[in-house]
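J.: The structure's right below; bear with me while I get my questions together.
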Amino acid sequence: MPASKYKIERKCKVCGKPFFAKTVSSWYCSKNCTCAAYRIKKREEKKEQQRKEQAAKIPKSRPYISVPEAVALFGVSRDSLYRLIRKGTIPAINIGERLTRISRAHLESMFPLVGASPVQAEQPKQVNYKFDESDCYTVGQITDLYGVCESTVYKAIRKMSIPTCQRGNYVYVPKVEIDKLFKSVNA
């Protein structure tokens with residue numbers, strides 16, 4: 001993605017240092033931080049895969065499960081589980097050293113299973129735009145208003161899946177969507 005004409009000051013998501021983003025989609029200050037973010041993402045994916053494998057091995061018929069199994073099934077941190085056990089919120093049995101068993105039924109009533117969504121998320125509603133000239137910007141107007149080049153506008157429109165309408169030589173884009181996209185730049 002080519003560099004934009006305006007400067008966007010952002011904070012690096014890895015190291016936290018402030019920097020000027022060269023593109024609208026830049027979130028890291030350097031190649032090292034980009035590589036570190038990639039490694040973190042891959043590590044998290046690997047942990048999630050291991051958690052799913054461990055959760056699949058746990059029989060559903062057991063009324064009491066161990067703390068690591070509860071962490072895998074419900075996605076609650078180990079420290080939180082032990083704290084709830086100490087408070088007496090979760091009934092548990094201590095069979096011996098490192099043999100704490102937690103009531104599965106009680107955990108299911110407190111926490112939903114990870115990966116199982118009882119209520120499906122609502123699909124985003126398709127908004128039908130009329131593309132009236134009063135409700136839309138042309139690409140030229142966007143470049144003048146926000147001080148960005150045409151290629152940046154087109155790439156941002158494609159990346160964010162913003163609907164467009166071409167009439168003659170002009171491409172119309174809804175003002176609402178463009179203002180949401182570039183409002184942080186203009187501020």
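Each chain in the structure tokens gets a letter, A, B and so on, in the order shown; residues start at 1 in every chain, and ligands are counted from 1 in the order they appear.
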Could you go through stretch 23-106 of chain A and tell me which residues DSSP, when run on the backbone, assigns to strand (DSSP E or B), listing them as a list in words?
T.: Tyr64, Ile65, Ser66, Ala92, Ile93, Asn94, Thr100, Arg101, Ile102 and Ser103 of chain A
J.: Can you tell me, as a VMD selection string, what residues are no more than 10 Å from stretch 79-82 of chain A when counting only C-alpha atoms, ignoring any on the same chain fewer than 4 positions away?
T.: chain A and resid 67 to 68 70 to 71 86 to 90 92 100 102 107
J.: Could you give me, as a ChimeraX atom specification, the residues within 12 Å of A:Lys60, counting only C-alpha atoms and dropping anything in the same chain fewer than 6 positions from it?
T.: /A:69,73,104-105,108
J.: Which is closest to A:His106 among A:Gly140, A:Gly75, A:Gly168, A:Pro91, if we use only C-alpha atoms?
T.: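 Counting only C-alpha atoms, the residue closest to A:His106 is A:Pro91.
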J.: From a DSSP pass on the backbone, collect the residues of stretch 98-162 of chain A flagged as helix (DSSP H, G or I) and hand them back as an NGL selection string.
T.: :A and (104-110 or 139-146 or 150-159)
J.: What is the atom CA of A:Cys33-atom CA of A:Lys13 distance in Å, reported with one decimal?
T.: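 These two atoms are separated by 8.2 Å.
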